[in-house]
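Structure data (compact mmCIF, C-alpha atoms) from coords02.txt:
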```txt
# COMPACT_ATOMS: atom_id res chain seq x y z
CA MET A 66 0.00 0.00 0.00
CA LEU A 67 2.86 2.36 0.87
CA ARG A 68 4.49 1.68 -2.50
CA LYS A 69 1.25 2.50 -4.31
CA LEU A 70 0.82 5.66 -2.24
CA LEU A 71 4.33 6.83 -3.07
CA LEU A 72 3.83 6.04 -6.75
CA ALA A 73 0.51 7.88 -6.77
CA ALA A 74 2.08 10.86 -5.04
CA ALA A 75 5.00 10.93 -7.46
CA SER A 76 2.72 10.58 -10.49
CA LYS A 77 0.21 13.18 -9.40
CA GLY A 78 2.99 15.46 -8.21
CA ALA A 79 4.63 15.23 -11.60
CA GLY A 80 1.32 16.00 -13.30
CA SER A 81 0.70 19.07 -11.13
CA ALA A 82 4.28 20.27 -11.54
CA ILE A 83 4.20 19.85 -15.32
CA SER A 84 0.97 21.83 -15.51
CA VAL A 85 2.44 24.72 -13.52
CA VAL A 86 5.77 24.67 -15.39
CA PHE A 87 3.99 24.63 -18.76
CA THR A 88 1.88 27.61 -17.69
CA VAL A 89 4.97 29.50 -16.52
CA LEU A 90 6.84 28.73 -19.75
CA VAL A 91 3.97 29.89 -21.95
CA ALA A 92 3.64 33.09 -19.92
CA ARG A 93 7.38 33.72 -20.17
CA ILE A 94 7.44 33.17 -23.93
CA LEU A 95 4.29 35.09 -24.88
CA GLY A 96 3.77 37.53 -22.00
CA ALA A 97 0.49 37.94 -20.14
CA GLU A 98 -1.43 39.29 -23.12
CA GLY A 99 -0.12 36.69 -25.58
CA ALA A 100 -0.45 33.81 -23.12
CA GLY A 101 -4.14 34.52 -22.54
CA PRO A 102 -5.42 32.70 -25.67
CA VAL A 103 -3.23 29.63 -25.01
CA LEU A 104 -4.21 29.32 -21.34
CA PHE A 105 -7.83 29.96 -22.28
CA GLY A 106 -7.47 27.23 -24.92
CA LEU A 107 -6.15 24.81 -22.29
CA THR A 108 -9.26 25.54 -20.25
CA VAL A 109 -11.52 24.87 -23.26
CA LEU A 110 -9.61 21.64 -23.95
CA THR A 111 -9.92 20.44 -20.35
CA VAL A 112 -13.61 21.29 -20.12
CA GLY A 113 -14.48 19.96 -23.57
CA ALA A 114 -12.69 16.64 -23.11
CA ALA A 115 -14.33 16.13 -19.71
CA ALA A 116 -17.78 16.85 -21.15
CA LEU A 117 -17.16 14.42 -24.02
CA ARG A 118 -16.40 11.60 -21.58
CA LEU A 119 -20.21 11.48 -21.14
CA GLY A 120 -20.02 10.51 -17.47
CA PHE A 121 -18.15 7.27 -18.12
CA ASP A 122 -15.00 8.27 -16.22
CA SER A 123 -16.22 7.43 -12.71
CA LEU A 124 -18.16 4.43 -14.03
CA LEU A 125 -14.92 3.00 -15.46
CA VAL A 126 -13.17 3.44 -12.11
CA LYS A 127 -16.13 1.77 -10.40
CA GLN A 128 -16.54 -1.15 -12.83
CA VAL A 129 -12.85 -1.94 -13.27
CA GLY A 130 -12.10 -1.25 -9.60
CA ALA A 131 -14.80 -3.60 -8.34
CA ALA A 132 -13.91 -6.66 -10.46
CA GLY A 133 -10.74 -6.02 -12.49
CA ILE A 134 -10.48 -6.67 -16.22
CA GLY A 135 -13.16 -9.02 -17.45
CA ALA A 136 -16.03 -9.14 -19.89
CA MET A 137 -17.94 -6.41 -18.07
CA ALA A 138 -14.96 -4.06 -17.76
CA ASN A 139 -13.98 -4.58 -21.42
CA THR A 140 -17.52 -3.76 -22.48
CA TRP A 141 -17.60 -0.57 -20.41
CA VAL A 142 -14.21 0.67 -21.60
CA SER A 143 -14.94 -0.08 -25.26
CA ARG A 144 -18.41 1.44 -25.11
CA ALA A 145 -17.10 4.57 -23.41
CA ILE A 146 -14.47 5.12 -26.11
CA LEU A 147 -16.90 4.53 -28.98
CA LEU A 148 -19.64 6.79 -27.62
CA SER A 149 -17.15 9.50 -26.72
CA LEU A 150 -15.75 9.44 -30.25
CA LEU A 151 -19.21 9.68 -31.76
CA ALA A 152 -20.05 12.63 -29.54
CA ALA A 153 -16.76 14.40 -30.31
CA VAL A 154 -16.84 14.38 -34.11
CA ALA A 155 -19.23 17.31 -34.54
CA PRO A 156 -17.64 19.65 -31.92
CA ALA A 157 -14.17 18.96 -33.34
CA LEU A 158 -15.18 19.74 -36.92
CA ILE A 159 -17.28 22.77 -35.98
CA GLY A 160 -14.49 24.18 -33.82
CA PHE A 161 -11.91 23.69 -36.56
CA PHE A 162 -13.85 25.11 -39.52
CA TRP A 163 -15.75 27.88 -37.70
CA ALA A 164 -13.01 28.91 -35.27
CA GLU A 165 -13.07 32.60 -36.18
CA LYS A 166 -16.83 32.99 -35.79
CA ILE A 167 -16.89 31.08 -32.49
CA ALA A 168 -13.93 33.02 -31.07
CA THR A 169 -15.51 36.36 -31.99
CA THR A 170 -19.17 35.67 -31.26
CA LEU A 171 -19.04 33.30 -28.29
CA PHE A 172 -15.84 34.32 -26.50
CA ASN A 173 -15.44 37.91 -27.71
CA ALA A 174 -11.77 37.13 -28.42
CA PRO A 175 -10.76 37.18 -32.12
CA ASP A 176 -7.14 36.40 -31.23
CA PHE A 177 -8.33 33.06 -29.87
CA ALA A 178 -9.30 31.70 -33.33
CA PRO A 179 -5.88 30.27 -34.39
CA VAL A 180 -5.61 28.46 -31.05
CA LEU A 181 -9.19 27.18 -31.13
CA ARG A 182 -8.65 25.30 -34.42
CA TRP A 183 -6.06 22.98 -32.89
CA ILE A 184 -7.80 22.76 -29.54
CA ALA A 185 -10.97 21.55 -31.30
CA LEU A 186 -9.08 18.74 -33.06
CA SER A 187 -7.49 17.76 -29.74
CA LEU A 188 -10.83 17.26 -27.97
CA PRO A 189 -11.69 13.67 -29.02
CA LEU A 190 -8.09 12.52 -28.54
CA LEU A 191 -7.81 13.88 -25.02
CA ALA A 192 -11.24 12.47 -24.11
CA ILE A 193 -10.06 8.98 -25.14
CA ALA A 194 -6.76 9.35 -23.26
CA ASN A 195 -8.71 10.48 -20.18
CA LEU A 196 -11.06 7.49 -20.33
CA ILE A 197 -8.22 5.00 -20.60
CA GLY A 198 -6.53 6.79 -17.71
CA PHE A 199 -9.62 6.28 -15.55
CA ALA A 200 -9.68 2.60 -16.51
CA PHE A 201 -6.07 2.32 -15.30
CA GLN A 202 -7.13 4.06 -12.09
CA GLY A 203 -9.63 1.25 -11.55
CA LEU A 204 -6.73 -1.21 -11.89
CA ARG A 205 -4.88 0.81 -9.22
CA LYS A 206 -2.12 1.85 -11.60
CA PRO A 207 -1.81 5.52 -10.65
CA GLY A 208 1.15 6.25 -12.91
CA LEU A 209 -0.69 5.32 -16.09
CA SER A 210 -3.86 6.93 -14.77
CA VAL A 211 -2.15 10.31 -14.38
CA VAL A 212 -0.55 9.95 -17.82
CA GLY A 213 -4.03 9.67 -19.29
CA GLN A 214 -5.51 12.53 -17.31
CA ASN A 215 -2.92 15.26 -17.89
CA LEU A 216 0.69 14.18 -17.44
CA GLY A 217 1.11 12.56 -20.86
CA TYR A 218 0.12 15.26 -23.30
CA LEU A 219 1.35 18.17 -21.18
CA SER A 220 4.75 16.54 -20.69
CA LEU A 221 5.16 16.01 -24.41
CA ALA A 222 4.01 19.55 -25.17
CA LEU A 223 6.36 20.99 -22.55
CA LEU A 224 9.28 19.02 -23.97
CA VAL A 225 8.68 20.17 -27.55
CA VAL A 226 8.02 23.81 -26.65
CA SER A 227 11.13 23.88 -24.43
CA LEU A 228 13.32 22.41 -27.16
CA ARG A 229 12.04 24.81 -29.79
CA HIS A 230 12.29 27.89 -27.58
CA LEU A 231 15.34 27.23 -25.39
CA TRP A 232 17.50 25.01 -27.56
CA LEU A 233 16.61 25.87 -31.15
CA ASP A 234 15.77 29.49 -30.27
CA GLN A 235 12.72 29.47 -32.54
CA PRO A 236 10.13 32.28 -32.19
CA LEU A 237 6.81 30.79 -31.09
CA ALA A 238 3.31 32.18 -31.45
CA ALA A 239 0.16 31.06 -29.65
CA GLU A 240 -0.89 28.97 -32.66
CA ASP A 241 2.44 27.09 -32.63
CA ILE A 242 1.92 26.05 -29.01
CA ALA A 243 -1.68 25.00 -29.72
CA GLN A 244 -0.47 22.86 -32.63
CA THR A 245 2.06 21.22 -30.32
CA LEU A 246 -0.71 20.41 -27.86
CA PHE A 247 -2.65 18.69 -30.64
CA LEU A 248 0.29 16.50 -31.64
CA ALA A 249 0.88 15.65 -27.98
CA THR A 250 -2.73 14.46 -27.54
CA VAL A 251 -2.38 12.24 -30.64
CA LEU A 252 0.68 10.48 -29.24
CA THR A 253 -0.80 10.17 -25.75
CA ALA A 254 -4.08 8.62 -26.93
CA LEU A 255 -2.32 6.13 -29.23
CA GLY A 256 0.24 5.17 -26.59
CA LEU A 257 -2.29 4.61 -23.82
CA GLY A 258 -4.58 2.63 -26.11
CA ALA A 259 -1.72 0.27 -26.96
CA LEU A 260 -0.79 -0.11 -23.28
CA TRP A 261 -4.39 -0.90 -22.30
CA LEU A 262 -4.71 -3.64 -24.92
CA ARG A 263 -1.50 -5.21 -23.59
CA GLN A 264 -3.09 -5.76 -20.17
CA PRO A 265 -4.00 -9.41 -19.43
CA ASP A 266 -7.53 -10.20 -20.67
CA ALA A 267 -8.06 -6.70 -22.09
CA ARG A 268 -9.76 -6.50 -25.48
CA PHE A 269 -11.93 -4.15 -27.50
CA ILE A 270 -15.62 -5.00 -27.87
CA TRP A 271 -17.82 -3.37 -30.50
CA GLN A 272 -20.93 -2.87 -28.40
CA LEU A 273 -22.97 0.28 -27.82
CA ARG A 274 -26.19 -1.07 -26.31
CA MET A 275 -26.82 -0.09 -22.68
CA GLN A 276 -29.49 -1.13 -20.21
CA ALA A 277 -31.83 1.49 -18.76
CA ALA A 278 -30.12 1.42 -15.34
CA GLU A 279 -26.71 1.88 -16.97
CA VAL A 280 -27.98 4.84 -19.00
CA ARG A 281 -29.37 6.47 -15.86
CA ALA A 282 -26.10 6.00 -13.98
CA ALA A 283 -24.06 7.46 -16.84
CA ALA A 284 -26.52 10.32 -17.32
CA ASN A 285 -26.42 11.23 -13.62
CA LEU A 286 -22.64 11.24 -13.60
CA TRP A 287 -22.45 13.16 -16.86
CA LEU A 288 -24.80 15.86 -15.60
CA ALA A 289 -22.85 15.98 -12.34
CA MET A 290 -19.63 16.30 -14.32
CA LEU A 291 -21.07 19.16 -16.37
CA MET A 292 -21.97 20.94 -13.15
CA THR A 293 -18.49 20.27 -11.74
CA LEU A 294 -16.95 21.74 -14.88
CA THR A 295 -19.23 24.75 -14.52
CA VAL A 296 -18.07 25.28 -10.94
CA THR A 297 -14.39 24.84 -11.76
CA TRP A 298 -14.07 26.58 -15.11
CA SER A 299 -17.08 28.80 -15.78
CA GLY A 300 -15.34 31.69 -14.08
CA ILE A 301 -12.69 31.72 -16.80
CA LEU A 302 -15.00 30.76 -19.68
CA LEU A 303 -17.72 33.29 -18.83
CA GLY A 304 -15.29 35.85 -17.48
CA GLY A 305 -13.54 35.85 -20.84
CA ARG A 306 -16.36 38.01 -22.18
CA PHE A 307 -15.82 40.67 -19.53
CA VAL A 308 -12.07 40.76 -18.83
CA THR A 309 -8.95 41.24 -20.92
CA SER A 310 -6.64 38.50 -22.20
CA GLN A 311 -4.15 39.60 -19.56
CA GLU A 312 -6.65 39.03 -16.75
CA ILE A 313 -7.59 35.65 -18.21
CA ALA A 314 -3.89 34.75 -18.05
CA PHE A 315 -3.83 35.86 -14.39
CA THR A 316 -6.84 33.73 -13.43
CA ALA A 317 -5.71 30.67 -15.39
CA ALA A 318 -2.24 30.80 -13.84
CA ALA A 319 -3.60 31.30 -10.31
CA GLN A 320 -6.10 28.48 -10.67
CA ARG A 321 -3.43 26.02 -11.76
CA ILE A 322 -1.16 26.96 -8.86
CA ALA A 323 -4.05 26.66 -6.39
CA VAL A 324 -4.40 23.01 -7.41
CA LEU A 325 -1.25 22.42 -5.34
CA VAL A 326 -3.49 22.77 -2.27
CA VAL A 327 -5.52 19.74 -3.29
CA PHE A 328 -2.53 17.74 -4.44
CA ILE A 329 -2.88 15.30 -1.54
CA LEU A 330 -6.63 15.02 -2.26
CA LEU A 331 -5.94 14.14 -5.90
CA VAL A 332 -3.36 11.55 -4.85
CA THR A 333 -5.75 10.04 -2.32
CA ASP A 334 -8.59 9.89 -4.85
CA LEU A 335 -6.40 7.85 -7.21
CA LEU A 336 -6.06 5.14 -4.57
CA VAL A 337 -9.25 5.23 -2.52
CA ALA A 338 -11.84 5.37 -5.32
CA PRO A 339 -11.46 1.68 -6.27
CA VAL A 340 -11.25 0.78 -2.55
CA TYR A 341 -14.52 2.59 -1.93
CA ALA A 342 -16.09 0.72 -4.86
CA ARG A 343 -15.03 -2.68 -3.52
CA SER A 344 -16.01 -1.90 0.08
CA PHE A 345 -19.43 -0.66 -0.97
CA ALA A 346 -19.94 -3.72 -3.20
CA ARG A 347 -19.37 -5.84 -0.06
CA ARG A 348 -21.58 -3.44 1.95
CA ASP A 349 -18.71 -2.93 4.40
CA LEU A 350 -19.66 0.58 5.57
CA GLU A 351 -17.37 0.44 8.57
CA HIS A 352 -14.34 -0.01 6.32
CA LEU A 353 -15.61 2.87 4.18
CA ARG A 354 -15.84 5.10 7.24
CA GLN A 355 -12.36 4.20 8.46
CA ILE A 356 -10.71 4.86 5.08
CA ALA A 357 -12.61 8.15 4.65
CA ARG A 358 -11.73 9.32 8.16
CA ARG A 359 -8.02 8.54 7.91
CA SER A 360 -7.62 9.99 4.44
CA THR A 361 -9.44 13.23 5.30
CA ARG A 362 -7.36 13.81 8.41
CA ALA A 363 -4.16 13.22 6.44
CA MET A 364 -5.30 15.69 3.77
CA VAL A 365 -5.92 18.42 6.33
CA LEU A 366 -2.55 17.91 8.02
CA ILE A 367 -0.71 18.19 4.70
CA GLY A 368 -2.93 20.77 3.03
CA VAL A 369 -3.02 23.49 5.70
CA PRO A 370 0.76 24.23 5.61
CA VAL A 371 0.59 24.42 1.79
CA VAL A 372 -2.26 26.92 2.06
CA ALA A 373 -0.27 29.04 4.51
CA GLY A 374 2.77 29.10 2.22
CA LEU A 375 0.78 30.03 -0.88
CA ILE A 376 -1.04 32.85 0.92
CA LEU A 377 2.11 34.30 2.50
CA TYR A 378 4.08 34.29 -0.76
CA ALA A 379 1.24 34.76 -3.26
CA GLU A 380 2.79 37.73 -5.09
CA GLN A 381 6.22 36.12 -5.37
CA ILE A 382 4.76 32.85 -6.64
CA MET A 383 2.62 34.58 -9.25
CA GLY A 384 5.65 36.67 -10.21
CA LEU A 385 7.39 33.51 -11.43
CA HIS A 386 5.25 33.83 -14.56
CA GLY A 387 6.64 37.31 -15.19
CA ALA A 388 6.77 40.63 -13.34
CA GLU A 389 3.30 41.68 -14.55
CA PHE A 390 1.74 38.60 -12.88
CA ALA A 391 2.80 39.69 -9.37
CA GLN A 392 -0.20 42.04 -9.15
CA ALA A 393 -2.46 38.97 -9.29
CA GLY A 394 -1.36 37.75 -5.83
CA PRO A 395 -4.84 38.41 -4.32
CA VAL A 396 -6.40 36.31 -7.11
CA LEU A 397 -4.24 33.36 -6.06
CA VAL A 398 -5.21 33.85 -2.40
CA ILE A 399 -8.92 33.63 -3.24
CA TYR A 400 -8.48 30.44 -5.27
CA VAL A 401 -6.39 28.90 -2.48
CA LEU A 402 -9.08 29.58 0.15
CA GLY A 403 -11.68 27.87 -2.02
CA GLN A 404 -9.45 24.81 -2.40
CA LEU A 405 -8.88 24.72 1.37
CA VAL A 406 -12.57 23.87 1.83
CA ASN A 407 -12.10 21.13 -0.78
CA VAL A 408 -9.31 19.55 1.26
CA CYS A 409 -11.07 19.83 4.62
CA THR A 410 -14.18 18.01 3.41
CA GLY A 411 -12.21 15.06 1.98
CA SER A 412 -13.02 12.78 -0.94
CA VAL A 413 -16.76 13.36 -0.71
CA GLY A 414 -17.28 13.29 -4.47
CA GLN A 415 -15.56 9.92 -4.83
CA LEU A 416 -17.52 8.53 -1.88
CA LEU A 417 -20.82 9.43 -3.48
CA MET A 418 -19.92 8.29 -7.00
CA MET A 419 -18.47 4.95 -5.89
CA CYS A 420 -21.41 4.24 -3.54
CA ASP A 421 -24.44 4.67 -5.83
CA GLY A 422 -24.84 8.31 -4.83
CA GLU A 423 -24.68 9.76 -8.33
CA GLY A 424 -27.96 11.63 -7.84
CA ASP A 425 -26.82 13.16 -4.55
CA TYR A 426 -23.53 14.20 -6.12
CA ARG A 427 -25.35 15.76 -9.06
CA LEU A 428 -27.57 17.78 -6.69
CA GLY A 429 -24.58 19.31 -4.93
CA GLU A 430 -22.85 20.13 -8.19
CA THR A 431 -26.01 21.71 -9.62
CA VAL A 432 -26.45 24.04 -6.65
CA ALA A 433 -22.79 25.04 -6.78
CA ALA A 434 -22.84 25.55 -10.55
CA GLY A 435 -25.83 27.89 -10.37
CA LEU A 436 -24.09 29.93 -7.67
CA THR A 437 -20.83 30.09 -9.64
CA VAL A 438 -22.45 31.27 -12.86
CA THR A 439 -24.56 33.89 -11.09
CA ALA A 440 -21.61 35.20 -9.09
CA THR A 441 -19.39 35.33 -12.19
CA LEU A 442 -21.94 37.34 -14.17
CA LEU A 443 -22.36 39.75 -11.26
CA LEU A 444 -18.73 40.13 -10.18
CA ALA A 445 -16.57 39.73 -13.32
CA PRO A 446 -17.76 42.93 -15.11
CA HIS A 447 -16.95 45.06 -12.03
CA TYR A 448 -13.99 43.33 -10.37
CA GLY A 449 -12.25 41.59 -13.26
CA ALA A 450 -9.94 38.70 -12.41
CA LEU A 451 -10.62 39.08 -8.68
CA GLY A 452 -14.36 38.75 -9.29
CA VAL A 453 -13.81 35.60 -11.37
CA ALA A 454 -11.73 34.11 -8.55
CA ILE A 455 -14.34 34.92 -5.89
CA ALA A 456 -17.11 33.32 -7.94
CA SER A 457 -15.05 30.16 -8.50
CA ALA A 458 -14.04 29.90 -4.83
CA LEU A 459 -17.66 30.23 -3.71
CA GLY A 460 -18.68 27.47 -6.10
CA ILE A 461 -15.91 25.11 -4.99
CA ALA A 462 -16.75 25.63 -1.32
CA THR A 463 -20.47 25.11 -1.92
CA GLN A 464 -20.11 21.91 -3.95
CA ASN A 465 -17.96 20.30 -1.28
CA ILE A 466 -20.09 21.36 1.66
CA VAL A 467 -23.27 20.04 0.04
CA SER A 468 -21.58 16.74 -0.89
CA TYR A 469 -20.22 16.49 2.66
CA VAL A 470 -23.77 16.63 4.01
CA MET A 471 -24.97 14.13 1.38
CA VAL A 472 -22.33 11.60 2.46
CA ARG A 473 -23.69 11.77 5.99
CA ARG A 474 -27.23 11.29 4.75
CA ARG A 475 -26.41 8.37 2.45
CA LEU A 476 -23.63 6.54 4.28
CA GLY A 477 -24.22 7.56 7.88
CA PHE A 478 -20.94 9.32 8.67
CA TYR A 479 -19.01 12.51 8.06
CA PRO A 480 -15.56 12.00 6.46
CA GLY A 481 -12.91 12.85 9.04
CA PHE A 482 -15.08 11.93 12.05
```

Written form, structure tokens:
Amino acid sequence: MLRKLLLAAASKGAGSAISVVFTVLVARILGAEGAGPVLFGLTVLTVGAAALRLGFDSLLVKQVGAAGIGAMANTWVSRAILLSLLAAVAPALIGFFWAEKIATTLFNAPDFAPVLRWIALSLPLLAIANLIGFAFQGLRKPGLSVVGQNLGYLSLALLVVSLRHLWLDQPLAAEDIAQTLFLATVLTALGLGALWLRQPDARFIWQLRMQAAEVRAAANLWLAMLMTLTVTWSGILLGGRFVTSQEIAFTAAAQRIAVLVVFILLVTDLLVAPVYARSFARRDLEHLRQIARRSTRAMVLIGVPVVAGLILYAEQIMGLHGAEFAQAGPVLVIYVLGQLVNVCTGSVGQLLMMCDGEGDYRLGETVAAGLTVTATLLLAPHYGALGVAIASALGIATQNIVSYVMVRRRLGFYPGF
């Protein structure tokens, strides 16, 4: 167990570090104004790929985690990939061919069009890589899971951009970096697909038919995921209509750094989600409670010092992206406070999703999403990047508090107690 925990920590740590380093490098190369379209594109890519997973991500963790690779797991993985591909074709083509109109009309950012073309083509590839990563999470292989979720394509993109900029001294524009991201998603999806098929008993099954109960479970998780995406990213996506490219760069950079607060939560989720699924399948609620309590207490002990450090040195940390980013220190502080609530409530989302609480999870996400959107529309036009951060932090805190209460109602205990 210790070996798996260390591997999960190393893998997730590498993923978080690569994300921050990539953001810093882009900001250094393009400046705050030029980096805005790329960082906004990364947000669109993350949100779009998650939406195109159609709610199958947690179901794959649950199905593979409960029984390992078998006929049922192969069916779920194959079906998830096929349906995700079918759903992604239209958005990818529309985004590629109508990039200029979408960038101008929807996002009020004409300079985003060259980036959007390549981001649109990357959507189906990243969705597939994500799904395979979640299947590996069910097998309790955290390294490959993190590769599928963000480490793989961002590492490749960081390597190529670094070589071109630092070694070959090539001038890079936002479109060049977006094109690199596309190529990185191609290689990541192909590589993970080959690795999955090399697992014992793994095979691809051409089957799309789902039973009514399976459709309901996927639909609940998909709607919950859409609400989660709204809470996490709507501040940037909606705020883009009201703030400058520079302020979008500030918020995107601050949000990615704030993820360091929940690093231990992300590591824990990699390991405990399949454990929750197996314990609930056996109806061993006492084991569930013990794992949830221990993991939540560990998260708080590790997370609080990180929060303190990020708040105390917010301006210096943001300044790593460039001198003009230092003024966004308060934006980072707001994001960090929102993530602190996330840590203190524990893995409540995983508990609900692994224990047939998809409807409860969706309710919490819906309430939080409505609050986030409303707050963004009210605050962003008047307070810019700071208003976007406040709206996002309120949403994150709300979604976790509601899910915390739902865990008590469904499972009979509060995580951490």

Self-check item: Atom pair CA of Leu302 (chain A) / CA of Gly101 (chain A): separation (Å)
Solution: 11.8 Å

Quiz item: Interatomic distance between CA of Ile356 (chain A) and CA of Ala145 (chain A)?
Solution: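 Separation of CA of Ile356 (chain A) and CA of Ala145 (chain A): 29.2 Å.
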
Counting only C-alpha atoms, give me one row per residue of region 276-310 of chain A with an atom at most 8 Å from an atom of region 404-424 of chain A, showing the shortest contact pair and its distance in Å to one decimal, sorted by chain then residue number, as a Markdown table.
```
| residue | atom | partner | partner_atom | distance |
| --- | --- | --- | --- | --- |
| A:Ala282 | CA | A:Glu423 | CA | 6.9 |
| A:Asn285 | CA | A:Glu423 | CA | 5.8 |
| A:Leu286 | CA | A:Glu423 | CA | 5.8 |
| A:Ala289 | CA | A:Glu423 | CA | 7.6 |
```

Quiz item: Pick the closest to Trp261 (chain A) from A:Ile197, A:Ala319, A:Ala462, A:Leu476: which is it, counting all atoms listed in the file?
Solution: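 Using all atoms listed in the file, Trp261 (chain A) sits closest to A:Ile197.
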
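Compared by their closest atoms to Glu430 (chain A), and using all atoms listed in the file, the residues A:Leu288, A:Leu442, A:Leu350, A:Val212 rank with A:Leu288 nearest.
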
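Atom to atom, CA of Arg263 (chain A) and CA of Val280 (chain A) stand 28.7 Å apart.
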
Quiz item: Taking only C-alpha atoms into account, which of A:Ala243, A:Val401, A:Leu150, A:Leu104 comes nearest Val372 (chain A)?
Solution: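 Going through A:Ala243, A:Val401, A:Leu150, A:Leu104 one by one, the smallest distance to Val372 (chain A) is for A:Val401.
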